[in-house]
Amino acid sequence: MFVDSLPNCIYLERRNIDEVGKGNAAYMEAAPKPDSRNAFFEAVETIGLEKTVKAYSSRSLQERLSRKKKIFKVIFRRFVPIYRERKRIDWIKFIKYNYFCKAVDREKDAFIVPCRGSALDISKNAKVIVRGNVFLNYYPCYKRGSQTTLFNVRDNAVFIANNRVEISYGNTISVGENAHLEMGYFFTGVNANVICHHKIIIGNRVMIGRDVCIFDSDYHDIYNTEGGKINDDKAVVIEDNVWIGARSMVLKGSHINAGAIVSANSMVMGNVEENRVFINKRESRSIGGNILWKR
């Protein structure tokens, strides 16, 4: 047989006729002929295949209206959160950054939502990718806040929101030149700081409490006495479903694995294992000497 001559090209497996018939009714008997079959082929000969296919595949008015209704419901659900917060949104900034800022690349129904008190500074050479609504200076528990949230993305920097992001009152979200900050489904408490100088990746369902700081750099160069730099930047990775307690710090080179909890007032300087509670007691001790630092 021809099939037997192709052992290296296809995968063959023997099955009995009963097994084949269970998943392939047409193998056992011919499919019933539709009532419109003859009319279809007559139409093909009369008006051609393309027009016939369009005529037979077009939906009724009721079907089209039903489909449009479903589409409208999906779109409306996405706009509900923005509609609910319409009274505290800075609409001038909303229009500016969603429709006139060339650095912002957003999906059709995803927006940057600057509430009153937001201060945005996005460089022309930056790239801001918005795949979910990004709420700035927003805290659903309190309708009014007197603090300012700072959001800046510098030259050649990249900020990516892969899902809904809620940045609370008094936060600073900063992406330095050539840096990369990426967030999933993310929530912050009041006065939190995410300062990205190199690379920070934050997963989905991540919450950080009040006064939390996340840094991937020391932001000032430190040199040994021979002039060699000893404090290079290191990426920070926070995986899915992580909760970081109030007044904690996540420093450069840290990797917090999925499901972990960082207790309040902790300092993370390395790896936090998956689904563990991390408690860090800060120690007062010297870790080096004979160094110089530069502002």
# chains A, B, ... in the order shown; residues from 1 in each chain; ligands from 1
>>> select_by_dssp(residues="range 43-165 of chain A", states="strand (DSSP E)", output="mmCIF file with N, CA, C and O atoms, in the first residue's frame")
data_model
loop_
_atom_site.group_PDB
_atom_site.id
_atom_site.type_symbol
_atom_site.label_atom_id
_atom_site.label_comp_id
_atom_site.auth_asym_id
_atom_site.auth_seq_id
_atom_site.Cartn_x
_atom_site.Cartn_y
_atom_site.Cartn_z
ATOM 1 N N VAL A 104 1.620 56.333 23.644
ATOM 2 C CA VAL A 104 0.681 55.377 24.244
ATOM 3 C C VAL A 104 0.083 54.491 23.154
ATOM 4 O O VAL A 104 -0.506 54.971 22.190
ATOM 5 N N ASP A 105 0.253 53.188 23.331
ATOM 6 C CA ASP A 105 -0.311 52.188 22.425
ATOM 7 C C ASP A 105 -1.264 51.328 23.244
ATOM 8 O O ASP A 105 -0.832 50.507 24.041
ATOM 9 N N ARG A 106 -2.542 51.542 23.064
ATOM 10 C CA ARG A 106 -3.508 50.842 23.907
ATOM 11 C C ARG A 106 -4.449 49.989 23.075
ATOM 12 O O ARG A 106 -4.697 50.272 21.903
ATOM 13 N N ILE A 112 -5.791 54.655 29.916
ATOM 14 C CA ILE A 112 -5.168 55.286 31.075
ATOM 15 C C ILE A 112 -6.240 56.171 31.693
ATOM 16 O O ILE A 112 -6.836 57.010 31.011
ATOM 17 N N VAL A 113 -6.502 55.972 32.989
ATOM 18 C CA VAL A 113 -7.586 56.698 33.657
ATOM 19 C C VAL A 113 -6.983 57.571 34.759
ATOM 20 O O VAL A 113 -6.844 57.136 35.905
ATOM 21 N N PRO A 114 -6.600 58.805 34.434
ATOM 22 C CA PRO A 114 -6.005 59.684 35.445
ATOM 23 C C PRO A 114 -7.092 60.374 36.271
ATOM 24 O O PRO A 114 -7.832 61.206 35.765
ATOM 25 N N SER A 118 -3.562 63.380 39.533
ATOM 26 C CA SER A 118 -2.529 62.626 38.822
ATOM 27 C C SER A 118 -1.587 63.581 38.101
ATOM 28 O O SER A 118 -2.032 64.559 37.493
ATOM 29 N N ALA A 119 -0.298 63.293 38.166
ATOM 30 C CA ALA A 119 0.704 64.066 37.427
ATOM 31 C C ALA A 119 1.424 63.107 36.491
ATOM 32 O O ALA A 119 2.155 62.231 36.943
ATOM 33 N N LEU A 120 1.217 63.258 35.181
ATOM 34 C CA LEU A 120 1.788 62.348 34.193
ATOM 35 C C LEU A 120 2.872 63.049 33.394
ATOM 36 O O LEU A 120 2.722 64.211 33.003
ATOM 37 N N ASP A 121 3.956 62.318 33.154
ATOM 38 C CA ASP A 121 5.047 62.820 32.334
ATOM 39 C C ASP A 121 5.554 61.652 31.490
ATOM 40 O O ASP A 121 6.322 60.822 31.971
ATOM 41 N N ILE A 122 5.102 61.587 30.242
ATOM 42 C CA ILE A 122 5.463 60.489 29.344
ATOM 43 C C ILE A 122 6.284 61.065 28.198
ATOM 44 O O ILE A 122 5.808 61.912 27.437
ATOM 45 N N LYS A 127 7.530 54.187 25.364
ATOM 46 C CA LYS A 127 6.477 53.312 24.857
ATOM 47 C C LYS A 127 5.626 52.854 26.034
ATOM 48 O O LYS A 127 6.118 52.200 26.953
ATOM 49 N N VAL A 128 4.342 53.216 25.999
ATOM 50 C CA VAL A 128 3.393 52.823 27.039
ATOM 51 C C VAL A 128 2.346 51.930 26.387
ATOM 52 O O VAL A 128 1.564 52.381 25.544
ATOM 53 N N ILE A 129 2.337 50.655 26.764
ATOM 54 C CA ILE A 129 1.423 49.680 26.178
ATOM 55 C C ILE A 129 0.338 49.367 27.205
ATOM 56 O O ILE A 129 0.627 48.908 28.309
ATOM 57 N N VAL A 130 -0.911 49.633 26.835
ATOM 58 C CA VAL A 130 -2.029 49.512 27.772
ATOM 59 C C VAL A 130 -2.980 48.424 27.275
ATOM 60 O O VAL A 130 -3.651 48.586 26.262
ATOM 61 N N VAL A 134 -5.701 51.461 33.387
ATOM 62 C CA VAL A 134 -4.704 51.878 34.370
ATOM 63 C C VAL A 134 -5.255 53.089 35.124
ATOM 64 O O VAL A 134 -5.307 54.196 34.584
ATOM 65 N N PHE A 135 -5.683 52.877 36.362
ATOM 66 C CA PHE A 135 -6.241 53.949 37.179
ATOM 67 C C PHE A 135 -5.116 54.593 37.998
ATOM 68 O O PHE A 135 -4.399 53.906 38.720
ATOM 69 N N LEU A 136 -4.995 55.919 37.900
ATOM 70 C CA LEU A 136 -3.948 56.655 38.610
ATOM 71 C C LEU A 136 -4.569 57.574 39.655
ATOM 72 O O LEU A 136 -5.566 58.247 39.384
ATOM 73 N N THR A 149 -0.436 61.516 42.722
ATOM 74 C CA THR A 149 0.269 60.354 42.199
ATOM 75 C C THR A 149 1.122 60.780 41.011
ATOM 76 O O THR A 149 0.624 61.445 40.090
ATOM 77 N N LEU A 150 2.392 60.402 41.023
ATOM 78 C CA LEU A 150 3.317 60.737 39.955
ATOM 79 C C LEU A 150 3.513 59.517 39.056
ATOM 80 O O LEU A 150 3.793 58.422 39.537
ATOM 81 N N PHE A 151 3.372 59.722 37.760
ATOM 82 C CA PHE A 151 3.560 58.651 36.782
ATOM 83 C C PHE A 151 4.436 59.193 35.665
ATOM 84 O O PHE A 151 4.022 60.051 34.894
ATOM 85 N N ASN A 152 5.689 58.725 35.616
ATOM 86 C CA ASN A 152 6.557 59.214 34.550
ATOM 87 C C ASN A 152 7.292 58.061 33.865
ATOM 88 O O ASN A 152 7.698 57.094 34.504
ATOM 89 N N VAL A 153 7.420 58.196 32.550
ATOM 90 C CA VAL A 153 8.096 57.208 31.719
ATOM 91 C C VAL A 153 9.082 57.982 30.850
ATOM 92 O O VAL A 153 8.680 58.776 29.997
ATOM 93 N N VAL A 158 10.015 51.584 28.660
ATOM 94 C CA VAL A 158 8.818 50.822 28.298
ATOM 95 C C VAL A 158 7.997 50.551 29.558
ATOM 96 O O VAL A 158 8.520 50.040 30.554
ATOM 97 N N PHE A 159 6.725 50.903 29.507
ATOM 98 C CA PHE A 159 5.780 50.554 30.564
ATOM 99 C C PHE A 159 4.671 49.725 29.929
ATOM 100 O O PHE A 159 4.066 50.139 28.935
ATOM 101 N N ILE A 160 4.408 48.536 30.499
ATOM 102 C CA ILE A 160 3.374 47.652 29.958
ATOM 103 C C ILE A 160 2.381 47.302 31.064
ATOM 104 O O ILE A 160 2.779 46.814 32.125
ATOM 105 N N ALA A 161 1.111 47.562 30.806
ATOM 106 C CA ALA A 161 0.039 47.124 31.703
ATOM 107 C C ALA A 161 -0.709 46.003 30.998
ATOM 108 O O ALA A 161 -1.458 46.245 30.046
ATOM 109 N N VAL A 165 -4.823 47.851 36.362
ATOM 110 C CA VAL A 165 -3.860 48.350 37.336
ATOM 111 C C VAL A 165 -4.509 49.492 38.121
ATOM 112 O O VAL A 165 -5.077 50.401 37.524
#
>>> select_by_dssp(residues="range 17-60 of chain A", states="helix (DSSP H, G or I)", output="number ranges by chain")
A: 17-22, 25-28, 37-47, 49-57
>>> write_last_selection(atoms="C-alpha atoms", output="PDB file, in the first residue's frame")
ATOM      1  CA  ILE A  17     -14.359  -0.354  12.873  1.00  0.00           C
ATOM      2  CA  ASP A  18     -16.444   0.154  16.020  1.00  0.00           C
ATOM      3  CA  GLU A  19     -13.999   2.719  17.435  1.00  0.00           C
ATOM      4  CA  VAL A  20     -13.924   4.606  14.137  1.00  0.00           C
ATOM      5  CA  GLY A  21     -17.694   4.720  13.928  1.00  0.00           C
ATOM      6  CA  LYS A  22     -18.164   6.276  17.381  1.00  0.00           C
ATOM      7  CA  ALA A  25     -20.999   9.056  11.878  1.00  0.00           C
ATOM      8  CA  ALA A  26     -20.422   9.860   8.209  1.00  0.00           C
ATOM      9  CA  TYR A  27     -18.129   6.811   7.937  1.00  0.00           C
ATOM     10  CA  MET A  28     -21.030   4.542   8.785  1.00  0.00           C
ATOM     11  CA  ARG A  37     -29.264  21.323  -1.732  1.00  0.00           C
ATOM     12  CA  ASN A  38     -30.802  21.341  -5.210  1.00  0.00           C
ATOM     13  CA  ALA A  39     -31.766  25.007  -4.936  1.00  0.00           C
ATOM     14  CA  PHE A  40     -28.220  25.880  -3.849  1.00  0.00           C
ATOM     15  CA  PHE A  41     -26.591  24.284  -6.895  1.00  0.00           C
ATOM     16  CA  GLU A  42     -29.173  25.849  -9.206  1.00  0.00           C
ATOM     17  CA  ALA A  43     -28.301  29.244  -7.752  1.00  0.00           C
ATOM     18  CA  VAL A  44     -24.577  28.575  -8.291  1.00  0.00           C
ATOM     19  CA  GLU A  45     -25.241  27.981 -12.000  1.00  0.00           C
ATOM     20  CA  THR A  46     -27.426  31.094 -12.220  1.00  0.00           C
ATOM     21  CA  ILE A  47     -25.675  33.801 -10.175  1.00  0.00           C
ATOM     22  CA  LEU A  49     -20.669  30.704  -6.337  1.00  0.00           C
ATOM     23  CA  GLU A  50     -19.687  33.904  -4.491  1.00  0.00           C
ATOM     24  CA  LYS A  51     -23.166  35.472  -4.531  1.00  0.00           C
ATOM     25  CA  THR A  52     -24.785  32.151  -3.681  1.00  0.00           C
ATOM     26  CA  VAL A  53     -22.562  31.633  -0.620  1.00  0.00           C
ATOM     27  CA  LYS A  54     -23.352  35.168   0.608  1.00  0.00           C
ATOM     28  CA  ALA A  55     -27.063  34.622   0.127  1.00  0.00           C
ATOM     29  CA  TYR A  56     -27.120  31.288   1.953  1.00  0.00           C
ATOM     30  CA  SER A  57     -24.763  32.310   4.777  1.00  0.00           C
TER      31      SER A  57
END
>>> residues_around(residues="Ile92 in chain A", least_positions_apart="2", cutoff="12 Å", atoms="only C-alpha atoms", output="PyMOL selection string")
chain A and resi 88-90+94-100+112-116+118
>>> write_last_selection(atoms="C-alpha atoms", output="mmCIF file, in the first residue's frame")
data_model
loop_
_atom_site.group_PDB
_atom_site.id
_atom_site.type_symbol
_atom_site.label_atom_id
_atom_site.label_comp_id
_atom_site.auth_asym_id
_atom_site.auth_seq_id
_atom_site.Cartn_x
_atom_site.Cartn_y
_atom_site.Cartn_z
ATOM 1 C CA ARG A 88 -13.302 62.066 39.836
ATOM 2 C CA ILE A 89 -11.582 61.548 36.475
ATOM 3 C CA ASP A 90 -9.466 64.348 35.028
ATOM 4 C CA PHE A 94 -7.873 61.307 29.915
ATOM 5 C CA ILE A 95 -8.418 62.599 26.379
ATOM 6 C CA LYS A 96 -4.836 63.831 25.999
ATOM 7 C CA TYR A 97 -3.085 60.583 26.945
ATOM 8 C CA ASN A 98 -5.554 58.152 25.390
ATOM 9 C CA TYR A 99 -6.127 59.871 22.065
ATOM 10 C CA PHE A 100 -3.307 62.343 21.399
ATOM 11 C CA ILE A 112 -5.168 55.286 31.075
ATOM 12 C CA VAL A 113 -7.586 56.698 33.657
ATOM 13 C CA PRO A 114 -6.005 59.684 35.445
ATOM 14 C CA CYS A 115 -8.127 60.691 38.411
ATOM 15 C CA ARG A 116 -7.814 64.215 39.799
ATOM 16 C CA SER A 118 -2.529 62.626 38.822
#
>>> closest_atom_pairs(of="range 159-189 of chain A", to="range 220-243 of chain A", cutoff="10 Å", atoms="only C-alpha atoms", output="JSON lines")
{"residue": "A:His180", "atom": "CA", "partner": "A:Ala235", "partner_atom": "CA", "distance": 9.5}
{"residue": "A:Leu181", "atom": "CA", "partner": "A:Val236", "partner_atom": "CA", "distance": 9.7}
{"residue": "A:Glu182", "atom": "CA", "partner": "A:Val237", "partner_atom": "CA", "distance": 9.8}
{"residue": "A:Met183", "atom": "CA", "partner": "A:Ile238", "partner_atom": "CA", "distance": 9.4}
{"residue": "A:Gly184", "atom": "CA", "partner": "A:Asp240", "partner_atom": "CA", "distance": 8.3}
{"residue": "A:Tyr185", "atom": "CA", "partner": "A:Asp240", "partner_atom": "CA", "distance": 8.7}
{"residue": "A:Phe186", "atom": "CA", "partner": "A:Asn241", "partner_atom": "CA", "distance": 9.5}
{"residue": "A:Phe187", "atom": "CA", "partner": "A:Trp243", "partner_atom": "CA", "distance": 9.7}
>>> write_last_selection(atoms="all heavy atoms", output="compact mmCIF listing (two decimals), in the first residue's frame")
# COMPACT_ATOMS: atom_id res chain seq x y z
N HIS A 180 12.51 49.05 31.86
CA HIS A 180 11.34 48.25 31.46
C HIS A 180 10.54 47.89 32.71
O HIS A 180 11.04 47.18 33.59
CB HIS A 180 11.81 46.98 30.75
CG HIS A 180 10.68 46.10 30.29
ND1 HIS A 180 10.32 45.97 28.96
CD2 HIS A 180 9.83 45.28 30.98
CE1 HIS A 180 9.31 45.12 28.86
NE2 HIS A 180 9.01 44.69 30.08
N LEU A 181 9.31 48.37 32.78
CA LEU A 181 8.41 48.05 33.89
C LEU A 181 7.15 47.42 33.32
O LEU A 181 6.49 48.00 32.46
CB LEU A 181 8.04 49.32 34.67
CG LEU A 181 6.97 49.16 35.76
CD1 LEU A 181 7.36 48.13 36.81
CD2 LEU A 181 6.68 50.52 36.42
N GLU A 182 6.83 46.22 33.82
CA GLU A 182 5.68 45.47 33.30
C GLU A 182 4.81 45.01 34.47
O GLU A 182 5.32 44.50 35.47
CB GLU A 182 6.16 44.28 32.49
CG GLU A 182 5.07 43.52 31.77
CD GLU A 182 5.61 42.53 30.75
OE1 GLU A 182 6.80 42.67 30.37
OE2 GLU A 182 4.87 41.63 30.34
N MET A 183 3.50 45.21 34.34
CA MET A 183 2.57 44.88 35.42
C MET A 183 1.42 44.05 34.88
O MET A 183 0.96 44.26 33.76
CB MET A 183 1.99 46.15 36.05
CG MET A 183 2.99 47.06 36.73
SD MET A 183 2.18 48.56 37.34
CE MET A 183 3.54 49.31 38.26
N GLY A 184 0.92 43.13 35.73
CA GLY A 184 -0.30 42.41 35.43
C GLY A 184 -1.44 43.04 36.21
O GLY A 184 -1.54 44.26 36.34
N TYR A 185 -2.30 42.20 36.77
CA TYR A 185 -3.43 42.66 37.60
C TYR A 185 -2.86 43.12 38.93
O TYR A 185 -2.47 42.30 39.77
CB TYR A 185 -4.39 41.48 37.76
CG TYR A 185 -5.79 41.84 38.17
CD1 TYR A 185 -6.29 43.13 38.04
CD2 TYR A 185 -6.64 40.86 38.67
CE1 TYR A 185 -7.59 43.43 38.40
CE2 TYR A 185 -7.95 41.15 39.03
CZ TYR A 185 -8.42 42.44 38.89
OH TYR A 185 -9.70 42.74 39.25
N PHE A 186 -2.81 44.44 39.18
CA PHE A 186 -1.94 45.00 40.21
C PHE A 186 -2.66 46.10 40.99
O PHE A 186 -3.35 46.94 40.41
CB PHE A 186 -0.69 45.57 39.53
CG PHE A 186 0.33 46.18 40.46
CD1 PHE A 186 0.92 45.42 41.46
CD2 PHE A 186 0.71 47.50 40.32
CE1 PHE A 186 1.87 45.98 42.30
CE2 PHE A 186 1.66 48.07 41.15
CZ PHE A 186 2.24 47.30 42.14
N PHE A 187 -2.50 46.07 42.33
CA PHE A 187 -3.13 47.07 43.20
C PHE A 187 -2.10 47.59 44.19
O PHE A 187 -1.26 46.83 44.69
CB PHE A 187 -4.28 46.44 44.00
CG PHE A 187 -5.33 45.78 43.16
CD1 PHE A 187 -5.18 44.47 42.75
CD2 PHE A 187 -6.47 46.48 42.79
CE1 PHE A 187 -6.16 43.85 41.97
CE2 PHE A 187 -7.45 45.87 42.02
CZ PHE A 187 -7.29 44.55 41.61
>>> atom_distance(atom1="CA of Arg205 in chain A", atom2="CA of Ser217 in chain A")
24.3 Å
>>> residues_around(residues="Val272 in chain A", least_positions_apart="5", cutoff="10 Å", atoms="only C-alpha atoms", output="list in words")
Ile238, Ser254, His255, Ile256, Asn257, Ala258, Gly259, Ala260, Ile261, Val262, Val277, Phe278 and Ile279 of chain A
>>> residues_around(residues="Ala126 in chain A", least_positions_apart="5", cutoff="6 Å", atoms="only C-alpha atoms", output="ChimeraX atom specification")
/A:103,155-157
>>> write_last_selection(atoms="N, CA and C atoms", output="mmCIF file, in the first residue's frame")
data_model
loop_
_atom_site.group_PDB
_atom_site.id
_atom_site.type_symbol
_atom_site.label_atom_id
_atom_site.label_comp_id
_atom_site.auth_asym_id
_atom_site.auth_seq_id
_atom_site.Cartn_x
_atom_site.Cartn_y
_atom_site.Cartn_z
ATOM 1 N N ALA A 103 3.034 58.184 22.268
ATOM 2 C CA ALA A 103 3.807 57.167 22.997
ATOM 3 C C ALA A 103 2.921 56.074 23.573
ATOM 4 N N ASP A 155 12.764 58.697 28.407
ATOM 5 C CA ASP A 155 13.184 58.380 27.041
ATOM 6 C C ASP A 155 13.528 56.901 26.879
ATOM 7 N N ASN A 156 12.973 56.301 25.821
ATOM 8 C CA ASN A 156 13.251 54.907 25.448
ATOM 9 C C ASN A 156 12.868 53.901 26.529
ATOM 10 N N ALA A 157 12.083 54.329 27.478
ATOM 11 C CA ALA A 157 11.593 53.423 28.518
ATOM 12 C C ALA A 157 10.323 52.729 28.032
#
>>> atom_distance(atom1="CA of Asn204 in chain A", atom2="CA of Phe79 in chain A")
20.9 Å
